[in-house]
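The data block below is run22.txt; it holds compact mmCIF, C-alpha atoms.
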# COMPACT_ATOMS: atom_id res chain seq x y z
CA MET A 1 0.00 0.00 0.00
CA LYS A 2 2.94 2.35 0.50
CA TYR A 3 3.39 2.59 -3.28
CA LEU A 4 -0.30 3.25 -4.01
CA HIS A 5 0.32 6.96 -4.67
CA LEU A 6 3.02 6.02 -7.19
CA ILE A 7 0.77 3.45 -8.93
CA TRP A 8 -2.09 5.97 -9.04
CA ALA A 9 0.13 8.68 -10.53
CA GLU A 10 1.41 6.34 -13.24
CA LEU A 11 -2.10 5.08 -14.00
CA PHE A 12 -3.37 8.60 -14.73
CA ARG A 13 -0.20 9.77 -16.45
CA ARG A 14 -2.19 9.91 -19.70
CA LYS A 15 -5.61 10.88 -18.38
CA THR A 16 -7.54 10.75 -21.67
CA ARG A 17 -6.27 7.29 -22.56
CA THR A 18 -6.94 5.95 -19.07
CA ILE A 19 -10.46 7.40 -18.90
CA LEU A 20 -11.38 5.95 -22.32
CA THR A 21 -10.04 2.56 -21.24
CA LEU A 22 -12.00 2.77 -17.98
CA ILE A 23 -15.19 3.51 -19.94
CA SER A 24 -14.59 0.39 -22.06
CA ILE A 25 -14.05 -1.75 -18.97
CA LEU A 26 -17.12 -0.20 -17.30
CA ALA A 27 -19.27 -1.04 -20.35
CA ALA A 28 -17.99 -4.64 -20.40
CA PHE A 29 -18.82 -5.27 -16.74
CA LEU A 30 -22.12 -3.42 -17.01
CA LEU A 31 -23.04 -5.97 -19.70
CA PHE A 32 -21.66 -8.76 -17.53
CA GLY A 33 -23.96 -7.78 -14.66
CA LEU A 34 -27.11 -7.20 -16.73
CA LEU A 35 -26.73 -10.28 -18.95
CA ASN A 36 -26.06 -12.47 -15.93
CA GLY A 37 -29.25 -11.07 -14.45
CA VAL A 38 -31.14 -12.02 -17.63
CA ARG A 39 -29.68 -15.54 -17.53
CA VAL A 40 -30.61 -16.02 -13.86
CA SER A 41 -34.11 -14.67 -14.53
CA PHE A 42 -34.67 -17.30 -17.25
CA ASP A 43 -33.12 -20.04 -15.09
CA GLN A 44 -35.53 -19.22 -12.26
CA ALA A 45 -38.64 -19.48 -14.45
CA GLY A 46 -41.08 -21.92 -12.86
CA GLN A 47 -38.85 -22.67 -9.88
CA SER A 48 -41.32 -21.72 -7.16
CA ALA A 49 -42.08 -24.01 -4.23
CA GLN A 50 -45.52 -24.70 -5.71
CA GLY A 51 -43.98 -25.32 -9.13
CA ALA A 52 -42.13 -28.33 -7.74
CA LYS A 53 -45.51 -29.92 -6.97
CA ARG A 54 -46.81 -29.56 -10.52
CA LEU A 55 -46.17 -31.52 -13.69
CA GLN A 56 -46.64 -30.05 -17.14
CA THR A 57 -47.67 -32.35 -19.98
CA GLY A 58 -47.22 -31.22 -23.56
CA SER A 59 -46.71 -32.71 -26.99
CA LYS A 60 -43.59 -34.87 -27.28
CA LEU A 61 -42.81 -33.40 -30.71
CA SER A 62 -43.11 -29.67 -30.06
CA PHE A 63 -44.72 -27.26 -27.62
CA ILE A 64 -46.76 -25.77 -30.49
CA ASP A 65 -48.57 -29.09 -31.15
CA THR A 66 -51.90 -29.55 -29.36
CA LEU A 67 -53.41 -32.46 -27.43
CA PRO A 68 -57.00 -33.79 -27.31
CA LEU A 69 -59.27 -32.71 -24.47
CA SER A 70 -60.12 -36.38 -23.86
CA LEU A 71 -56.77 -36.79 -22.09
CA ASN A 72 -58.00 -34.65 -19.19
CA ASP A 73 -60.10 -37.32 -17.49
CA ARG A 74 -57.52 -40.04 -18.11
CA ILE A 75 -54.76 -37.94 -16.50
CA ALA A 76 -57.06 -37.15 -13.56
CA ARG A 77 -57.49 -40.90 -12.92
CA THR A 78 -53.73 -41.55 -12.94
CA ASP A 79 -52.38 -42.77 -9.62
CA GLY A 80 -50.59 -39.96 -7.79
CA VAL A 81 -52.42 -37.08 -9.52
CA LYS A 82 -54.43 -34.86 -7.15
CA ALA A 83 -55.91 -32.53 -9.76
CA VAL A 84 -55.44 -31.63 -13.41
CA THR A 85 -56.13 -28.53 -15.48
CA TYR A 86 -55.30 -27.35 -18.98
CA ALA A 87 -54.54 -24.25 -21.02
CA ASN A 88 -53.90 -22.96 -24.54
CA TRP A 89 -51.49 -20.30 -25.69
CA PHE A 90 -53.49 -17.39 -27.13
CA GLY A 91 -50.67 -15.16 -28.46
CA GLY A 92 -52.30 -11.86 -27.59
CA ALA A 93 -51.16 -8.35 -28.49
CA TYR A 94 -52.67 -5.01 -27.50
CA GLN A 95 -53.25 -2.30 -30.16
CA LYS A 96 -50.25 -3.36 -32.24
CA PRO A 97 -48.28 -6.63 -32.72
CA GLU A 98 -45.26 -5.24 -30.85
CA ASN A 99 -47.29 -4.99 -27.60
CA GLN A 100 -47.38 -8.74 -27.01
CA VAL A 101 -48.70 -10.03 -23.69
CA PHE A 102 -48.66 -13.45 -22.04
CA SER A 103 -52.23 -14.57 -22.63
CA PHE A 104 -53.75 -18.00 -22.08
CA ALA A 105 -57.12 -19.67 -22.45
CA VAL A 106 -57.55 -21.77 -19.30
CA ALA A 107 -59.84 -24.37 -17.75
CA PRO A 108 -62.32 -23.31 -15.01
CA ASN A 109 -60.14 -24.85 -12.27
CA TYR A 110 -56.83 -23.40 -13.51
CA LEU A 111 -56.37 -20.98 -10.60
CA ASP A 112 -57.06 -23.78 -8.10
CA LEU A 113 -53.70 -25.30 -9.03
CA TYR A 114 -51.90 -21.96 -8.67
CA PRO A 115 -52.31 -20.82 -5.05
CA GLU A 116 -49.41 -18.41 -5.54
CA ILE A 117 -51.73 -16.22 -7.66
CA GLU A 118 -54.00 -13.94 -5.63
CA VAL A 119 -57.45 -13.00 -6.90
CA SER A 120 -60.18 -11.65 -4.64
CA ALA A 121 -63.19 -13.92 -4.09
CA ALA A 122 -65.58 -11.40 -5.70
CA GLN A 123 -63.42 -11.04 -8.80
CA ARG A 124 -62.96 -14.80 -9.10
CA GLN A 125 -66.74 -15.19 -8.96
CA ALA A 126 -67.16 -12.49 -11.63
CA PHE A 127 -64.64 -14.28 -13.83
CA ASP A 128 -66.47 -17.59 -13.51
CA ALA A 129 -69.76 -15.89 -14.43
CA THR A 130 -68.55 -13.82 -17.41
CA ARG A 131 -68.03 -15.70 -20.68
CA THR A 132 -65.84 -13.00 -22.21
CA GLY A 133 -64.20 -12.10 -18.91
CA VAL A 134 -60.45 -12.00 -18.36
CA LEU A 135 -58.22 -11.72 -15.31
CA VAL A 136 -55.25 -9.41 -15.87
CA GLY A 137 -51.94 -9.23 -14.00
CA GLU A 138 -51.45 -6.12 -11.88
CA ASP A 139 -48.34 -5.06 -13.81
CA LEU A 140 -50.21 -5.16 -17.12
CA MET A 141 -53.02 -3.12 -15.59
CA LYS A 142 -50.50 -0.42 -14.68
CA ARG A 143 -48.61 -0.67 -17.96
CA PHE A 144 -51.67 -0.05 -20.15
CA LYS A 145 -53.66 1.95 -17.55
CA TRP A 146 -56.56 -0.49 -17.67
CA LYS A 147 -59.36 -0.64 -15.08
CA VAL A 148 -61.66 -3.38 -13.86
CA GLY A 149 -64.91 -3.23 -15.86
CA GLN A 150 -63.19 -1.99 -19.00
CA LYS A 151 -63.66 -3.78 -22.35
CA ILE A 152 -60.34 -4.25 -24.16
CA PRO A 153 -59.50 -5.36 -27.70
CA LEU A 154 -56.82 -8.02 -28.09
CA MET A 155 -55.24 -9.15 -31.31
CA SER A 156 -54.23 -12.81 -31.48
CA THR A 157 -51.04 -13.36 -33.43
CA ILE A 158 -52.10 -16.99 -33.93
CA PHE A 159 -55.85 -17.66 -33.77
CA PRO A 160 -58.76 -16.06 -35.68
CA ASN A 161 -62.17 -15.80 -34.06
CA SER A 162 -65.56 -16.82 -35.45
CA ASP A 163 -65.76 -13.87 -37.90
CA GLY A 164 -62.42 -14.78 -39.47
CA SER A 165 -60.45 -11.83 -38.08
CA LYS A 166 -57.80 -12.01 -35.39
CA ASN A 167 -59.40 -9.24 -33.35
CA TRP A 168 -61.00 -10.30 -30.08
CA ALA A 169 -62.80 -8.33 -27.35
CA PHE A 170 -62.71 -9.12 -23.63
CA ASP A 171 -64.06 -7.68 -20.39
CA ILE A 172 -61.64 -7.11 -17.50
CA VAL A 173 -63.35 -8.56 -14.42
CA GLY A 174 -60.42 -8.87 -12.01
CA VAL A 175 -56.75 -8.42 -11.22
CA MET A 176 -54.15 -11.12 -10.51
CA LYS A 177 -51.30 -10.52 -8.06
CA PRO A 178 -48.35 -12.81 -7.32
CA LYS A 179 -47.92 -13.62 -3.62
CA ASP A 180 -44.15 -13.66 -4.08
CA LYS A 181 -42.69 -11.13 -6.53
CA ALA A 182 -39.26 -12.78 -6.45
CA SER A 183 -40.34 -16.15 -7.87
CA GLY A 184 -43.72 -15.32 -9.40
CA GLY A 185 -43.33 -11.82 -10.77
CA TRP A 186 -44.32 -12.90 -14.27
CA TYR A 187 -47.86 -13.70 -13.05
CA GLY A 188 -48.33 -9.94 -12.94
CA GLN A 189 -47.81 -9.91 -16.73
CA MET A 190 -50.46 -12.51 -17.59
CA ILE A 191 -53.95 -12.43 -19.03
CA ILE A 192 -56.16 -15.48 -18.61
CA MET A 193 -59.47 -16.07 -20.41
CA HIS A 194 -61.99 -18.89 -20.54
CA TRP A 195 -60.87 -21.89 -22.60
CA LYS A 196 -64.50 -22.72 -23.44
CA TYR A 197 -65.11 -19.29 -24.97
CA PHE A 198 -61.81 -19.51 -26.87
CA ASP A 199 -62.59 -23.03 -28.13
CA GLU A 200 -66.11 -22.19 -29.28
CA SER A 201 -65.01 -18.96 -31.00
CA CYS A 202 -61.88 -20.25 -32.77
CA PRO A 203 -62.69 -22.41 -35.83
CA TYR A 204 -59.23 -24.02 -35.75
CA ASN A 205 -59.17 -25.31 -32.16
CA ARG A 206 -62.26 -27.43 -31.57
CA GLY A 207 -61.45 -29.47 -28.48
CA GLN A 208 -57.68 -29.15 -28.54
CA VAL A 209 -55.52 -28.31 -25.54
CA GLY A 210 -52.06 -26.74 -25.53
CA TRP A 211 -50.83 -28.45 -22.37
CA TYR A 212 -52.00 -30.04 -19.14
CA VAL A 213 -50.88 -29.15 -15.61
CA SER A 214 -51.15 -31.83 -12.93
CA SER A 215 -50.80 -31.43 -9.18
CA VAL A 216 -49.03 -34.46 -7.66
CA ALA A 217 -49.83 -35.88 -4.24
CA ASP A 218 -46.17 -36.65 -3.43
CA VAL A 219 -43.29 -34.63 -4.90
CA ASN A 220 -40.98 -37.62 -4.43
CA GLN A 221 -43.20 -39.63 -6.80
CA ALA A 222 -43.21 -36.98 -9.54
CA ASP A 223 -41.01 -38.98 -11.95
CA ARG A 224 -43.19 -42.07 -11.63
CA VAL A 225 -46.37 -40.04 -12.14
CA ALA A 226 -44.87 -38.32 -15.21
CA LYS A 227 -44.06 -41.71 -16.79
CA SER A 228 -47.58 -42.95 -16.03
CA ILE A 229 -49.12 -39.90 -17.72
CA ASP A 230 -46.93 -40.30 -20.80
CA ALA A 231 -47.84 -44.01 -20.99
CA LEU A 232 -51.49 -43.01 -21.57
CA SER A 233 -50.73 -41.78 -25.09
CA ALA A 234 -47.75 -43.99 -25.98
CA ASN A 235 -47.69 -45.09 -29.65
CA SER A 236 -50.54 -42.71 -30.51
CA ASP A 237 -50.56 -39.71 -32.85
CA HIS A 238 -50.39 -37.37 -29.83
CA GLU A 239 -47.59 -38.75 -27.65
CA THR A 240 -46.79 -36.60 -24.65
CA LYS A 241 -43.81 -35.60 -22.54
CA SER A 242 -44.39 -34.74 -18.89
CA MET A 243 -41.91 -32.94 -16.65
CA THR A 244 -41.79 -30.64 -13.66
CA GLU A 245 -42.86 -27.07 -14.26
CA SER A 246 -39.29 -25.73 -13.92
CA ALA A 247 -37.97 -28.27 -16.41
CA ALA A 248 -40.84 -27.46 -18.79
CA ALA A 249 -40.07 -23.72 -18.58
CA ALA A 250 -36.40 -24.42 -19.33
CA SER A 251 -37.40 -26.64 -22.26
CA TRP A 252 -39.64 -23.92 -23.70
CA MET A 253 -36.85 -21.39 -23.47
CA LYS A 254 -34.37 -23.72 -25.18
CA GLN A 255 -36.78 -24.36 -28.04
CA MET A 256 -36.99 -20.61 -28.59
CA ALA A 257 -33.35 -19.79 -27.76
CA ASP A 258 -30.47 -21.12 -25.65
CA ILE A 259 -30.16 -18.14 -23.31
CA GLY A 260 -27.03 -19.51 -21.60
CA LEU A 261 -25.25 -19.97 -24.94
CA ILE A 262 -26.29 -16.53 -26.17
CA VAL A 263 -25.13 -14.81 -22.97
CA GLY A 264 -21.88 -16.80 -22.93
CA SER A 265 -21.13 -15.97 -26.58
CA ILE A 266 -21.77 -12.26 -26.10
CA MET A 267 -19.63 -12.09 -22.95
CA GLY A 268 -16.87 -14.12 -24.60
CA ALA A 269 -16.69 -11.64 -27.48
CA VAL A 270 -16.86 -8.65 -25.12
CA PHE A 271 -14.07 -9.86 -22.82
CA PHE A 272 -11.85 -10.98 -25.71
CA THR A 273 -12.07 -7.45 -27.13
CA LEU A 274 -11.47 -6.05 -23.64
CA LEU A 275 -8.30 -8.14 -23.26
CA LEU A 276 -6.90 -6.76 -26.52
CA LEU A 277 -7.84 -3.18 -25.66
CA THR A 278 -6.56 -3.20 -22.07
CA GLY A 279 -3.45 -5.17 -23.03
CA ASN A 280 -2.58 -2.59 -25.68
CA THR A 281 -3.11 0.24 -23.15
CA MET A 282 -0.76 -1.37 -20.61
CA ALA A 283 1.89 -2.23 -23.21
CA GLN A 284 1.90 1.36 -24.48
CA ALA A 285 1.98 2.78 -20.95
CA VAL A 286 5.02 0.68 -19.97
CA ARG A 287 6.81 1.42 -23.27
CA GLU A 288 6.47 5.15 -22.64
CA ARG A 289 7.92 4.80 -19.14
CA ILE A 290 11.00 2.69 -19.84
CA PRO A 291 13.48 5.44 -18.76
CA GLU A 292 11.46 6.05 -15.57
CA LEU A 293 11.45 2.33 -14.74
CA ALA A 294 15.19 2.27 -15.28
CA VAL A 295 15.57 5.15 -12.82
CA LEU A 296 13.50 3.22 -10.25
CA LYS A 297 15.87 0.30 -10.60
CA THR A 298 18.86 2.63 -10.33
CA ILE A 299 17.71 4.07 -7.00
CA GLY A 300 17.21 0.63 -5.48
CA PHE A 301 13.86 -0.84 -6.57
CA SER A 302 14.25 -4.59 -7.07
CA THR A 303 13.10 -6.41 -10.18
CA THR A 304 10.29 -7.95 -8.10
CA SER A 305 9.13 -4.51 -6.95
CA VAL A 306 9.02 -3.24 -10.54
CA LEU A 307 7.07 -6.33 -11.58
CA GLY A 308 4.61 -5.74 -8.73
CA LEU A 309 4.18 -2.05 -9.58
CA VAL A 310 3.22 -2.76 -13.19
CA LEU A 311 0.93 -5.67 -12.30
CA SER A 312 -0.75 -3.59 -9.56
CA GLU A 313 -1.34 -0.78 -12.02
CA SER A 314 -2.97 -3.19 -14.48
CA VAL A 315 -5.18 -4.82 -11.83
CA LEU A 316 -6.17 -1.41 -10.38
CA LEU A 317 -7.18 -0.19 -13.85
CA VAL A 318 -9.50 -3.18 -14.43
CA LEU A 319 -10.85 -3.10 -10.85
CA LEU A 320 -11.77 0.58 -11.12
CA GLY A 321 -13.69 0.13 -14.36
CA GLY A 322 -15.18 -3.22 -13.36
CA VAL A 323 -16.48 -2.12 -9.96
CA LEU A 324 -18.03 0.98 -11.53
CA GLY A 325 -19.65 -1.19 -14.23
CA LEU A 326 -21.09 -3.76 -11.81
CA GLY A 327 -22.18 -0.98 -9.46
CA LEU A 328 -24.03 0.69 -12.32
CA ALA A 329 -25.64 -2.65 -13.27
CA THR A 330 -26.79 -3.05 -9.64
CA VAL A 331 -28.55 0.32 -9.87
CA ILE A 332 -29.91 -0.08 -13.41
CA GLY A 333 -31.41 -3.57 -12.87
CA PRO A 334 -34.27 -2.49 -10.55
CA ILE A 335 -34.86 0.61 -12.70
CA LEU A 336 -35.31 -1.58 -15.81
CA THR A 337 -37.83 -3.72 -13.92
CA LEU A 338 -39.72 -0.62 -12.76
CA VAL A 339 -39.68 1.24 -16.09
CA SER A 340 -40.75 -1.86 -18.08
CA GLY A 341 -43.63 -2.46 -15.68
CA GLY A 342 -42.20 -5.88 -14.84
CA VAL A 343 -41.82 -7.03 -18.47
CA ILE A 344 -38.09 -7.19 -17.77
CA ASN A 345 -37.81 -8.78 -14.33
CA MET A 346 -34.16 -8.32 -13.34
CA PRO A 347 -33.08 -10.22 -10.21
CA PRO A 348 -30.84 -8.32 -7.76
CA ILE A 349 -27.12 -8.36 -8.53
CA ASN A 350 -25.84 -9.99 -5.36
CA LEU A 351 -22.70 -11.80 -4.20
CA SER A 352 -23.33 -14.64 -6.67
CA ILE A 353 -22.53 -12.16 -9.46
CA TRP A 354 -20.18 -9.79 -7.59
CA LEU A 355 -17.73 -12.50 -6.47
CA PRO A 356 -17.19 -14.04 -9.96
CA GLY A 357 -17.06 -10.48 -11.33
CA LEU A 358 -14.29 -9.43 -8.92
CA GLY A 359 -12.39 -12.64 -9.68
CA LEU A 360 -12.69 -11.94 -13.39
CA MET A 361 -11.43 -8.36 -12.91
CA ILE A 362 -8.33 -9.55 -11.07
CA ALA A 363 -7.69 -12.32 -13.62
CA ILE A 364 -7.97 -9.92 -16.56
CA GLY A 365 -5.77 -7.36 -14.79
CA VAL A 366 -3.03 -9.94 -14.16
CA LEU A 367 -3.31 -11.37 -17.67
CA VAL A 368 -3.05 -8.06 -19.53
CA GLY A 369 -0.33 -6.73 -17.22
CA LEU A 370 1.86 -9.84 -17.14
CA LEU A 371 3.84 -9.34 -20.37
CA PRO A 372 4.48 -5.59 -19.83
CA ALA A 373 5.44 -6.38 -16.21
CA ILE A 374 7.91 -9.09 -17.26
CA ARG A 375 9.41 -6.71 -19.79
CA ALA A 376 9.81 -4.06 -17.08
CA MET A 377 11.36 -6.61 -14.70
CA ARG A 378 13.96 -7.70 -17.28
CA LEU A 379 14.84 -4.14 -18.20
CA ASN A 380 18.55 -3.45 -18.60
CA ILE A 381 19.32 -0.12 -16.87
CA VAL A 382 22.11 0.98 -19.25
CA ASP A 383 20.15 0.18 -22.40
CA ALA A 384 16.99 1.81 -21.07
CA LEU A 385 18.71 5.05 -20.07
CA ALA A 386 20.52 5.12 -23.42
CA GLY A 387 17.22 4.77 -25.26
CA ARG A 388 18.12 1.42 -26.79
For the file at hand, write its structure as structure tokens.
Amino acid sequence: MKYLHLIWAELFRRKTRTILTLISILAAFLLFGLLNGVRVSFDQAGQSAQGAKRLQTGSKLSFIDTLPLSLNDRIARTDGVKAVTYANWFGGAYQKPENQVFSFAVAPNYLDLYPEIEVSAAQRQAFDATRTGVLVGEDLMKRFKWKVGQKIPLMSTIFPNSDGSKNWAFDIVGVMKPKDKASGGWYGQMIIMHWKYFDESCPYNRGQVGWYVSSVADVNQADRVAKSIDALSANSDHETKSMTESAAAASWMKQMADIGLIVGSIMGAVFFTLLLLTGNTMAQAVRERIPELAVLKTIGFSTTSVLGLVLSESVLLVLLGGVLGLGLATVIGPILTLVSGGVINMPPINLSIWLPGLGLMIAIGVLVGLLPAIRAMRLNIVDALAGR
């Protein structure tokens, strides 16, 4: 620590170059924090305590293929199943296709299997009694400034209604709230409607179900129950694949995109570029200071001390930019969640991200500073002072 003032002075010897390099490092670790948050958010999809007690049964071929409604009673009679419900993806959008919302046509007992969703008794009763009624997540209500009792138009990006258009009209009869924002925040982004109304109004559905959700009596028997459910349609034209809700969510995500691979590829490219940029900065900084390093050796600094000074400067440079970047990501994450109305649900950037981030900063600092530091350590005093 006694040489910190010397390291600091050398680091900001060329202020413009150092500040530009710090901005690059800040941007890299800002991305590191935010993209890790996105990855964790996708990984946590469906991983609630209640989700562990539910199995999701969909088509074995693809999640876009449908299943016959006749499976409902057969699944309900399967040993180990407490209750079963079903739903269809609706593919709704509000006003324009870009305003897509999570919207599902669900069975009458759908909410019974999701105790983590709060709906008042009066609003639940109104939903059951209203054919065109919908329950809307509280975040969507705020996002579009909707009110209970309002009639809203929804455009389905997939299904036409009975008049051949893809424009549907629904009545908001209640609001859904997640009991736990941390694990069930996306429930605040949902719209659910009656499956019966959807089925009767869509000429292309007619008794088809997107997926089934089963509540199991014993979590430890979930694998056995899943195999029993899949055996019901074995060797048929609608074979199924059943899995826990968290595994199903992960499978859906992977069919759309491998989030882990995407995040890893982006970060790999970012940090590779950062290594080249920071390495060039350190190499140039040491090359400019060769006579000064020779003077340090002349007045008694050992080769090890010179090596440590250069490495410390490199690590300090990356730590400064990295800590600022992760700190900014920590602040921006909750703001993104708030501004998006919960569409982007960023988990907090905690020690699970900070600790790998700090380790990465130190590793990059050592890596980019190692060659310039070795060069400084091996410096010949006579040649350096002579400018050779």
What lies within 10 Å of Ala76 in chain A using all atoms listed in the file, ignoring chain neighbours under 5 positions off, as a PyMOL selection string?
chain A and resi 71+81-85+214-215+229
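Nearest-residue note for Cys202 in chain A: choosing from A:Phe271, A:Phe90, A:Trp8, A:Phe127, the minimum distance belongs to A:Phe90, counting all atoms listed in the file.
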Pick the closest to Phe301 in chain A from A:Ile364, A:Val106, A:Ala126, A:Met377: which is it, counting only C-alpha atoms?
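Closest candidate: A:Met377.
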Between A:Ile381, A:Arg289, A:Pro334, A:Gly321, which is the closest to Ala27 in chain A once you count only C-alpha atoms?
A:Gly321
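Between CA of Thr304 in chain A and CA of Leu22 in chain A the interatomic distance comes to 26.6 Å.
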